[in-house]
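The next block is final_1.pdb, given as PDB, C-alpha atoms.
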```pdb
ATOM      1  CA  MET A 216      26.532  -5.715  21.188
ATOM      2  CA  PRO A 217      22.925  -6.713  20.369
ATOM      3  CA  ALA A 218      21.764  -5.691  16.876
ATOM      4  CA  ILE A 219      18.914  -3.586  18.277
ATOM      5  CA  GLN A 220      21.368  -1.647  20.486
ATOM      6  CA  LYS A 221      23.617  -0.939  17.481
ATOM      7  CA  LEU A 222      20.566   0.337  15.596
ATOM      8  CA  TYR A 223      19.533   2.597  18.483
ATOM      9  CA  ASN A 224      23.083   3.981  18.835
ATOM     10  CA  ALA A 225      23.194   4.795  15.109
ATOM     11  CA  CYS A 226      19.796   6.523  15.301
ATOM     12  CA  LYS A 227      20.917   8.571  18.299
ATOM     13  CA  ALA A 228      24.063   9.700  16.461
ATOM     14  CA  SER A 229      22.487  10.239  13.042
ATOM     15  CA  LEU A 230      18.987  11.635  13.643
ATOM     16  CA  SER A 231      18.113  15.116  14.912
ATOM     17  CA  PRO A 232      14.903  17.044  15.704
ATOM     18  CA  ASP A 233      15.142  18.211  12.067
ATOM     19  CA  GLY A 234      15.546  14.669  10.700
ATOM     20  CA  PRO A 235      18.634  12.801   9.418
ATOM     21  CA  VAL A 236      21.877  14.792   9.701
ATOM     22  CA  SER A 237      23.041  13.522   6.271
ATOM     23  CA  GLU A 238      22.276  11.002   3.537
ATOM     24  CA  GLU A 239      25.333   8.978   4.652
ATOM     25  CA  ALA A 240      23.999   8.844   8.214
ATOM     26  CA  LEU A 241      20.634   7.653   6.907
ATOM     27  CA  GLU A 242      22.347   4.924   4.894
ATOM     28  CA  ARG A 243      24.153   3.697   8.042
ATOM     29  CA  ILE A 244      20.798   3.320   9.804
ATOM     30  CA  ARG A 245      19.248   1.600   6.782
ATOM     31  CA  ALA A 246      22.105  -0.950   6.687
ATOM     32  CA  LEU A 247      21.694  -1.752  10.400
ATOM     33  CA  LEU A 248      17.894  -1.941  10.137
ATOM     34  CA  ASP A 249      18.345  -4.410   7.270
ATOM     35  CA  LYS A 250      20.121  -6.782   9.678
ATOM     36  CA  ILE A 251      17.311  -6.779  12.273
ATOM     37  CA  LYS A 252      15.582 -10.168  12.531
ATOM     38  CA  PRO A 253      12.385 -11.084  14.409
ATOM     39  CA  SER A 254      14.510 -12.828  17.067
ATOM     40  CA  ASP A 255      16.294  -9.511  17.786
ATOM     41  CA  VAL A 256      13.006  -7.927  18.907
ATOM     42  CA  GLY A 257      11.289 -10.847  20.659
ATOM     43  CA  LEU A 258       9.087 -11.852  17.707
ATOM     44  CA  GLU A 259      10.609 -15.174  16.618
ATOM     45  CA  GLN A 260       7.537 -17.173  17.674
ATOM     46  CA  GLU A 261       5.190 -14.869  15.740
ATOM     47  CA  ALA A 262       7.497 -15.041  12.699
ATOM     48  CA  GLN A 263       7.428 -18.860  12.747
ATOM     49  CA  LEU A 264       3.630 -18.795  12.823
ATOM     50  CA  ALA A 265       3.603 -16.395   9.866
ATOM     51  CA  ARG A 266       6.012 -18.584   7.876
ATOM     52  CA  GLY A 267       3.718 -21.575   8.316
ATOM     53  CA  TRP A 268       0.506 -19.613   7.824
ATOM     54  CA  THR A 269      -1.802 -21.123   5.217
ATOM     55  CA  GLY A 270      -5.060 -20.118   6.848
ATOM     56  CA  SER A 271      -7.994 -17.932   6.049
ATOM     57  CA  VAL A 272      -9.731 -15.259   8.084
ATOM     58  CA  HIS A 273     -13.040 -16.972   7.283
ATOM     59  CA  GLY A 274     -14.594 -19.332   9.819
ATOM     60  CA  ARG A 275     -15.885 -22.807   9.006
ATOM     61  CA  ASN A 276     -19.285 -21.501   7.910
ATOM     62  CA  GLY A 277     -17.663 -18.849   5.696
ATOM     63  CA  SER A 278     -18.347 -15.965   8.049
ATOM     64  CA  LEU A 279     -15.558 -13.506   8.802
ATOM     65  CA  GLN A 280     -13.920 -14.195  12.127
ATOM     66  CA  SER A 281     -13.342 -11.173  14.339
ATOM     67  CA  LEU A 282      -9.707 -10.219  13.943
ATOM     68  CA  PRO A 283      -7.432  -9.305  16.836
ATOM     69  CA  PRO A 284      -6.469  -5.628  16.765
ATOM     70  CA  ILE A 285      -3.247  -4.296  15.271
ATOM     71  CA  ARG A 286      -0.635  -3.997  18.030
ATOM     72  CA  TYR A 287       2.042  -1.313  18.325
ATOM     73  CA  LEU A 288       5.184  -2.261  20.264
ATOM     74  CA  HIS A 289       6.887   0.895  21.513
ATOM     75  CA  LEU A 290      10.690   0.726  21.674
ATOM     76  CA  HIS A 291      11.800   4.340  22.046
ATOM     77  CA  GLU A 292      10.824   7.944  21.424
ATOM     78  CA  CYS A 293      12.697  11.226  21.849
ATOM     79  CA  GLU A 294      12.551  14.587  20.071
ATOM     80  CA  SER A 295      14.756  13.273  17.254
ATOM     81  CA  PHE A 296      13.198   9.891  16.430
ATOM     82  CA  SER A 297      10.815   7.115  17.406
ATOM     83  CA  MET A 298      11.227   3.338  17.034
ATOM     84  CA  GLY A 299       8.318   0.922  17.086
ATOM     85  CA  ILE A 300       6.821  -2.203  15.537
ATOM     86  CA  PHE A 301       3.332  -2.667  14.097
ATOM     87  CA  CYS A 302       2.124  -6.286  14.400
ATOM     88  CA  MET A 303      -0.734  -6.832  11.955
ATOM     89  CA  PRO A 304      -3.105  -9.825  11.823
ATOM     90  CA  PRO A 305      -4.062 -11.095   8.344
ATOM     91  CA  SER A 306      -6.502  -8.861   6.405
ATOM     92  CA  SER A 307      -6.016  -5.969   8.837
ATOM     93  CA  ILE A 308      -5.564  -2.534   7.290
ATOM     94  CA  ILE A 309      -3.771   0.673   8.268
ATOM     95  CA  PRO A 310      -5.518   3.290   6.080
ATOM     96  CA  LEU A 311      -3.709   5.855   3.936
ATOM     97  CA  HIS A 312      -1.906   8.291   6.231
ATOM     98  CA  ASN A 313       0.871  10.864   5.948
ATOM     99  CA  HIS A 314       4.166  11.690   7.669
ATOM    100  CA  PRO A 315       4.433  15.500   7.370
ATOM    101  CA  GLY A 316       8.032  16.756   7.332
ATOM    102  CA  MET A 317       9.271  13.305   8.385
ATOM    103  CA  THR A 318      11.715  10.712   7.075
ATOM    104  CA  VAL A 319      10.590   7.120   7.693
ATOM    105  CA  LEU A 320      12.600   3.901   7.489
ATOM    106  CA  SER A 321      10.520   0.705   7.435
ATOM    107  CA  LYS A 322      11.531  -2.952   7.546
ATOM    108  CA  LEU A 323       9.095  -5.835   7.052
ATOM    109  CA  LEU A 324      10.248  -8.328   9.688
ATOM    110  CA  TYR A 325       8.030 -11.239   8.657
ATOM    111  CA  GLY A 326       4.974 -11.987   6.547
ATOM    112  CA  THR A 327       3.490 -10.532   3.360
ATOM    113  CA  LEU A 328       2.106  -7.025   3.108
ATOM    114  CA  HIS A 329       0.312  -5.073   0.383
ATOM    115  CA  VAL A 330       1.562  -1.480   0.229
ATOM    116  CA  ARG A 331      -0.037   1.464  -1.555
ATOM    117  CA  SER A 332       1.845   4.751  -1.459
ATOM    118  CA  PHE A 333       1.562   8.212  -2.982
ATOM    119  CA  ASP A 334       3.345  11.545  -3.137
ATOM    120  CA  TRP A 335       1.589  14.880  -3.564
ATOM    121  CA  ILE A 336       1.726  16.582  -6.949
ATOM    122  CA  ASP A 337       2.770  20.220  -6.536
ATOM    123  CA  VAL A 338       0.091  22.431  -8.022
ATOM    124  CA  PRO A 339       0.773  26.184  -8.390
ATOM    125  CA  GLY A 340      -1.270  28.523  -6.215
ATOM    126  CA  PRO A 341      -2.798  28.119  -2.744
ATOM    127  CA  SER A 342      -4.205  24.715  -1.822
ATOM    128  CA  ASP A 343      -7.249  24.135   0.360
ATOM    129  CA  GLU A 344      -6.391  21.301   2.753
ATOM    130  CA  SER A 345     -10.091  20.440   3.159
ATOM    131  CA  GLN A 346     -10.441  19.761  -0.581
ATOM    132  CA  ALA A 347      -9.180  16.793  -2.586
ATOM    133  CA  ARG A 348      -5.527  17.101  -3.617
ATOM    134  CA  PRO A 349      -3.786  15.448  -6.577
ATOM    135  CA  ALA A 350      -1.237  12.718  -5.905
ATOM    136  CA  LYS A 351       0.810  10.243  -7.918
ATOM    137  CA  VAL A 352       1.203   6.538  -7.173
ATOM    138  CA  VAL A 353       4.672   5.525  -5.976
ATOM    139  CA  LYS A 354       4.001   1.875  -5.093
ATOM    140  CA  ASN A 355       1.059  -0.484  -5.356
ATOM    141  CA  GLY A 356       2.108  -4.051  -4.724
ATOM    142  CA  GLU A 357       3.129  -6.749  -2.298
ATOM    143  CA  MET A 358       6.220  -6.965  -0.126
ATOM    144  CA  LYS A 359       7.321 -10.308   1.271
ATOM    145  CA  ALA A 360       9.861 -10.781   4.051
ATOM    146  CA  PRO A 361      12.806 -10.978   3.962
ATOM    147  CA  CYS A 362      13.192  -7.788   1.941
ATOM    148  CA  GLU A 363      15.250  -4.612   2.113
ATOM    149  CA  PRO A 364      14.131  -1.649   4.235
ATOM    150  CA  THR A 365      12.332   1.180   2.487
ATOM    151  CA  ILE A 366      12.857   4.914   3.037
ATOM    152  CA  LEU A 367      10.262   7.593   2.486
ATOM    153  CA  TYR A 368      11.107  11.280   2.603
ATOM    154  CA  PRO A 369       9.039  14.387   3.468
ATOM    155  CA  SER A 370       8.049  14.932  -0.179
ATOM    156  CA  SER A 371       9.131  11.768  -2.024
ATOM    157  CA  GLY A 372       9.356   7.996  -1.773
ATOM    158  CA  GLY A 373       5.657   7.533  -0.958
ATOM    159  CA  ASN A 374       5.105   9.749   2.105
ATOM    160  CA  ILE A 375       1.385   8.863   2.139
ATOM    161  CA  HIS A 376       0.899   5.114   2.442
ATOM    162  CA  SER A 377      -1.466   2.339   3.482
ATOM    163  CA  PHE A 378      -0.829  -1.244   4.552
ATOM    164  CA  LYS A 379      -2.962  -4.369   4.208
ATOM    165  CA  ALA A 380      -1.679  -7.568   5.805
ATOM    166  CA  VAL A 381      -1.864 -10.558   3.441
ATOM    167  CA  THR A 382      -0.538 -12.872   6.170
ATOM    168  CA  PRO A 383       0.362 -12.099   9.798
ATOM    169  CA  CYS A 384       3.173  -9.553   9.504
ATOM    170  CA  ALA A 385       5.230  -7.006  11.423
ATOM    171  CA  ILE A 386       6.700  -3.673  10.289
ATOM    172  CA  PHE A 387       9.580  -2.018  12.156
ATOM    173  CA  ASP A 388       9.310   1.781  11.758
ATOM    174  CA  ILE A 389      11.832   4.522  12.526
ATOM    175  CA  LEU A 390      10.386   8.043  12.230
ATOM    176  CA  SER A 391      12.566  11.153  12.266
ATOM    177  CA  PRO A 392      11.444  13.439  13.676
ATOM    178  CA  PRO A 393       8.478  11.648  15.318
ATOM    179  CA  TYR A 394       4.841  12.696  15.107
ATOM    180  CA  SER A 395       4.189  15.849  17.139
ATOM    181  CA  PRO A 396       0.900  17.756  16.646
ATOM    182  CA  ARG A 397       2.400  20.667  18.604
ATOM    183  CA  ASP A 398       5.123  20.999  15.966
ATOM    184  CA  GLY A 399       2.757  20.578  13.009
ATOM    185  CA  ARG A 400       3.455  16.860  12.518
ATOM    186  CA  ASP A 401       0.025  15.343  13.082
ATOM    187  CA  CYS A 402      -1.100  12.087  11.456
ATOM    188  CA  THR A 403      -3.841  12.702   8.874
ATOM    189  CA  TYR A 404      -5.786   9.924   7.153
ATOM    190  CA  PHE A 405      -6.844  10.015   3.509
ATOM    191  CA  ARG A 406      -9.043   8.205   1.036
ATOM    192  CA  LYS A 407      -9.534   8.314  -2.717
ATOM    193  CA  SER A 408     -12.000  11.076  -3.491
ATOM    194  CA  PRO A 409     -15.381   9.775  -4.709
ATOM    195  CA  ARG A 410     -15.778  12.926  -6.831
ATOM    196  CA  ASP A 411     -15.266  12.887 -10.583
ATOM    197  CA  LEU A 412     -11.923  14.671 -10.945
ATOM    198  CA  PRO A 413      -9.480  14.776 -13.890
ATOM    199  CA  GLY A 414      -7.085  11.844 -14.333
ATOM    200  CA  THR A 415      -4.485  14.049 -16.020
ATOM    201  CA  LEU A 416      -3.031  17.442 -15.108
ATOM    202  CA  ASP A 417      -1.099  19.962 -17.169
ATOM    203  CA  ILE A 418       1.443  21.739 -14.935
ATOM    204  CA  GLY A 419       4.005  24.101 -16.440
ATOM    205  CA  GLY A 420       3.674  22.536 -19.856
ATOM    206  CA  GLU A 421       4.149  19.004 -18.501
ATOM    207  CA  THR A 422       1.262  16.530 -18.657
ATOM    208  CA  ILE A 423       0.965  14.289 -15.604
ATOM    209  CA  SER A 424      -1.177  11.194 -16.142
ATOM    210  CA  GLU A 425      -2.738   8.657 -13.748
ATOM    211  CA  VAL A 426      -3.506  11.313 -11.147
ATOM    212  CA  THR A 427      -5.232  10.110  -7.962
ATOM    213  CA  TRP A 428      -7.196  12.645  -5.919
ATOM    214  CA  LEU A 429      -7.006  12.158  -2.150
ATOM    215  CA  GLU A 430      -9.132  13.771   0.527
ATOM    216  CA  GLU A 431      -8.950  13.752   4.312
ATOM    217  CA  PHE A 432     -11.234  11.412   6.217
ATOM    218  CA  GLN A 433     -11.735   9.883   9.655
ATOM    219  CA  PRO A 434     -10.943   6.142   9.773
ATOM    220  CA  PRO A 435     -13.866   3.837  10.695
ATOM    221  CA  ASP A 436     -14.540   3.142  14.378
ATOM    222  CA  GLY A 437     -13.349  -0.417  13.847
ATOM    223  CA  PHE A 438      -9.808   0.796  13.122
ATOM    224  CA  VAL A 439      -7.960   0.300  16.413
ATOM    225  CA  ILE A 440      -4.262   0.098  17.204
ATOM    226  CA  ARG A 441      -3.541  -1.236  20.692
ATOM    227  CA  ARG A 442      -0.318  -0.884  22.628
ATOM    228  CA  GLY A 443       1.431  -4.241  22.905
ATOM    229  CA  GLN A 444       4.313  -5.305  25.119
ATOM    230  CA  TYR A 445       7.795  -5.257  23.618
ATOM    231  CA  LYS A 446       9.538  -8.497  24.658
ATOM    232  CA  GLY A 447      12.846  -8.050  22.879
ATOM    233  CA  ARG A 448      16.250  -6.952  24.158
ATOM    234  CA  VAL A 449      16.192  -3.937  26.448
ATOM    235  CA  ILE A 450      17.697  -0.886  24.776
ATOM    236  CA  LYS A 451      20.204   1.026  26.896
ATOM    237  CA  THR A 452      19.563   4.717  26.444
TER     238      THR A 452
END
```
Can the structure in the file be given as structure tokens, please?
Amino acid sequence: MPAIQKLYNACKASLSPDGPVSEEALERIRALLDKIKPSDVGLEQEAQLARGWTGSVHGRNGSLQSLPPIRYLHLHECESFSMGIFCMPPSSIIPLHNHPGMTVLSKLLYGTLHVRSFDWIDVPGPSDESQARPAKVVKNGEMKAPCEPTILYPSSGGNIHSFKAVTPCAIFDILSPPYSPRDGRDCTYFRKSPRDLPGTLDIGGETISEVTWLEEFQPPDGFVIRRGQYKGRVIKT
């Protein structure tokens, strides 16, 4: 059975409209996702180009070349989970965004990627979503394929994250449950607040340092994700 079919079957058995049915089920999916290679999803040629990539995004005269858009290859979506691949050209950025109430498994298939991720800091009392909210850094560094899949949870593991492609790269994402504005799972983008806000917080007698304040924002018009064509093995649903 093709590796991508095994992964789909495990997702179908282990993921529900409320997310993973158990931690053991999630671990089964993570182990199968770890085995997925670019050749399993029709991206071997792109992976070879990334492995040999030594280039720059600057043209001969030093000016920035116009980058191709980020492509999203759709594999599957149902009420329990979605599977898809983001193909990112070098220097392209997916801004900070959240995954409300969702568990996300990600696998870097090829290339090098800079990841920044945060989790919200729980502050007592009502919070105003339109105002800046305090968050703590979970990760701020590079990932280079091949590497193990990562898992982020609804309130831990770096639920708010951004990606910047260092080289051409591709990220395989499994979201459970998938985005659904109707069910309160809309994608919101964030940025670091330009306001002068405290770098430490005292909550319940505990001092939290290195606080980052994030506020909602609309990504620039130049941020575009286009639908690409998935050329890998057909998944039997």
Target residues per the PyMOL selection byres ((chain A and resi 438) around 9), formatted as a list in words: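 Applying the PyMOL selection byres ((chain A and resi 438) around 9) to the structure shown produces Pro284, Ile285, Ser307, Ile308, Ile309, Pro310, Pro434, Pro435, Asp436, Gly437, Val439 and Ile440 of chain A.
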Go ahead and save the picked residues with C-alpha atoms, as a PDB file, in the frame of the given file.
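Now in result_14.pdb:
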```pdb
ATOM      1  CA  PRO A 284      -6.469  -5.628  16.765  1.00  0.00           C
ATOM      2  CA  ILE A 285      -3.247  -4.296  15.271  1.00  0.00           C
ATOM      3  CA  SER A 307      -6.016  -5.969   8.837  1.00  0.00           C
ATOM      4  CA  ILE A 308      -5.564  -2.534   7.290  1.00  0.00           C
ATOM      5  CA  ILE A 309      -3.771   0.673   8.268  1.00  0.00           C
ATOM      6  CA  PRO A 310      -5.518   3.290   6.080  1.00  0.00           C
ATOM      7  CA  PRO A 434     -10.943   6.142   9.773  1.00  0.00           C
ATOM      8  CA  PRO A 435     -13.866   3.837  10.695  1.00  0.00           C
ATOM      9  CA  ASP A 436     -14.540   3.142  14.378  1.00  0.00           C
ATOM     10  CA  GLY A 437     -13.349  -0.417  13.847  1.00  0.00           C
ATOM     11  CA  VAL A 439      -7.960   0.300  16.413  1.00  0.00           C
ATOM     12  CA  ILE A 440      -4.262   0.098  17.204  1.00  0.00           C
TER      13      ILE A 440
END
```
Pick from A:Cys362, A:Phe387, A:Ala380, A:Val338, whichever lies nearest to A:Asp417 using all atoms listed in the file: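 Among the listed residues, A:Val338 lies closest to A:Asp417.
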Could you produce a table of the residues of stretch 355-445 of chain A lying within 10 Å of stretch 254-271 of chain A, with the nearest pair of atoms per residue and their separation in Å rounded to one decimal, using only C-alpha atoms, ordered by chain and increasing residue number, as a tab-separated table?
```
residue	atom	partner	partner_atom	distance
A:Ala360	CA	A:Arg266	CA	9.5
A:Val381	CA	A:Ser271	CA	9.9
A:Thr382	CA	A:Ala265	CA	6.6
A:Pro383	CA	A:Ala265	CA	5.4
A:Cys384	CA	A:Ala265	CA	6.9
A:Ala385	CA	A:Ala262	CA	8.4
A:Phe387	CA	A:Val256	CA	9.6
A:Gln444	CA	A:Gly257	CA	10.0
A:Tyr445	CA	A:Gly257	CA	7.2
```
Surrounding residues of A:Tyr404 excluding itself and chain neighbours under 4 positions, 6 Å, all atoms listed in the file, as a ChimeraX atom specification: /A:311-312,431-432
With C-alpha atoms retained, could you export that selection as a short mmCIF file (atom, residue, chain, number, x, y, z; two decimals), in the frame of the given file?
```cif
data_model
loop_
_atom_site.label_atom_id
_atom_site.label_comp_id
_atom_site.auth_asym_id
_atom_site.auth_seq_id
_atom_site.Cartn_x
_atom_site.Cartn_y
_atom_site.Cartn_z
CA LEU A 311 -3.71 5.86 3.94
CA HIS A 312 -1.91 8.29 6.23
CA GLU A 431 -8.95 13.75 4.31
CA PHE A 432 -11.23 11.41 6.22
#
```
Selection result for the PyMOL selection byres ((chain A and resi 353) around 8) on this file, as a ChimeraX atom specification: /A:331-334,351-352,354-355,372-373
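Between atom CA of A:Leu230 and atom CA of A:Tyr368 the separation is 13.6 Å.
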Atom CA of A:Leu320 to atom CA of A:Pro235, straight-line distance in Å: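 Between atom CA of A:Pro235 and atom CA of A:Leu320 the gap works out to 10.9 Å.
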Picked residues, the PyMOL selection byres ((chain A and resi 216-229) around 7), as JSON, numbers by chain: {"A": [230, 231, 235, 236, 240, 241, 244, 247, 248, 251, 255, 450]}
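The smallest atom-to-atom distance between A:Leu328 and any of A:Arg397, A:Arg286, A:Lys379, A:Arg410, using only C-alpha atoms, is found for A:Lys379.
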Computed interatomic separation between atom CA of A:Lys451 and atom CA of A:Met303 (Å): 26.9 Å
Starting from 5 Å padding per side, set up an axis-aligned box that covers all listed atoms of stretch 376-395 of chain A and hand over centre and edge lengths in Å, one decimal, as JSON.
```
{"center_x": 4.8, "center_y": 1.5, "center_z": 9.8, "size_x": 25.5, "size_y": 38.7, "size_z": 24.7}
```
Contacts of A:Thr403 at 12 Å or less, counting all atoms listed in the file, minus same-chain residues fewer than 5 places along, as a PDB file with C-alpha atoms, in the frame of the given file?
```pdb
ATOM      1  CA  PRO A 310      -5.518   3.290   6.080  1.00  0.00           C
ATOM      2  CA  LEU A 311      -3.709   5.855   3.936  1.00  0.00           C
ATOM      3  CA  HIS A 312      -1.906   8.291   6.231  1.00  0.00           C
ATOM      4  CA  ASN A 313       0.871  10.864   5.948  1.00  0.00           C
ATOM      5  CA  HIS A 314       4.166  11.690   7.669  1.00  0.00           C
ATOM      6  CA  PRO A 315       4.433  15.500   7.370  1.00  0.00           C
ATOM      7  CA  GLU A 344      -6.391  21.301   2.753  1.00  0.00           C
ATOM      8  CA  SER A 345     -10.091  20.440   3.159  1.00  0.00           C
ATOM      9  CA  ASN A 374       5.105   9.749   2.105  1.00  0.00           C
ATOM     10  CA  ILE A 375       1.385   8.863   2.139  1.00  0.00           C
ATOM     11  CA  HIS A 376       0.899   5.114   2.442  1.00  0.00           C
ATOM     12  CA  SER A 377      -1.466   2.339   3.482  1.00  0.00           C
ATOM     13  CA  TYR A 394       4.841  12.696  15.107  1.00  0.00           C
ATOM     14  CA  SER A 395       4.189  15.849  17.139  1.00  0.00           C
ATOM     15  CA  PRO A 396       0.900  17.756  16.646  1.00  0.00           C
ATOM     16  CA  LEU A 429      -7.006  12.158  -2.150  1.00  0.00           C
ATOM     17  CA  GLU A 430      -9.132  13.771   0.527  1.00  0.00           C
ATOM     18  CA  GLU A 431      -8.950  13.752   4.312  1.00  0.00           C
ATOM     19  CA  PHE A 432     -11.234  11.412   6.217  1.00  0.00           C
ATOM     20  CA  GLN A 433     -11.735   9.883   9.655  1.00  0.00           C
ATOM     21  CA  PRO A 434     -10.943   6.142   9.773  1.00  0.00           C
TER      22      PRO A 434
END
```
Among the residues A:Leu288, A:Leu390, A:Ile423, A:Leu412, the one that comes closest to A:Gln346 [using all atoms listed in the file]: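 Smallest distance to A:Gln346 is found for A:Leu412.
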Given all atoms listed in the file as the counted atoms, nearest of A:Thr452, A:Ser424, A:Ser297, A:Thr318 to A:Ser371: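 Smallest separation from A:Ser371 among the options: A:Thr318.
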Surrounding residues of A:Trp428 excluding itself and chain neighbours under 4 positions, 9 Å, all atoms listed in the file, as JSON, numbers by chain: {"A": [347, 348, 349, 350, 351, 406, 407, 408, 409, 410, 412, 413, 414]}
All residues 6 Å or closer to A:Pro392, all atoms listed in the file, same chain fewer than 5 positions away omitted, as a list of chain:residue names: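 After dropping sequence-adjacent residues, the list is A:Pro232, A:Gly234, A:Ser295, A:Phe296, A:Met317.
Between A:Glu363 and the candidates A:Leu323, A:Glu292, A:Glu238, A:Val330, the tightest atom-to-atom separation, counting all atoms listed in the file, involves A:Leu323.
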Closest of A:Pro305, A:Gly316, A:Pro283, A:Pro253 to A:Pro393 - atom-to-atom distances counting all atoms listed in the file: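 Under the stated criterion, the closest residue is A:Gly316.
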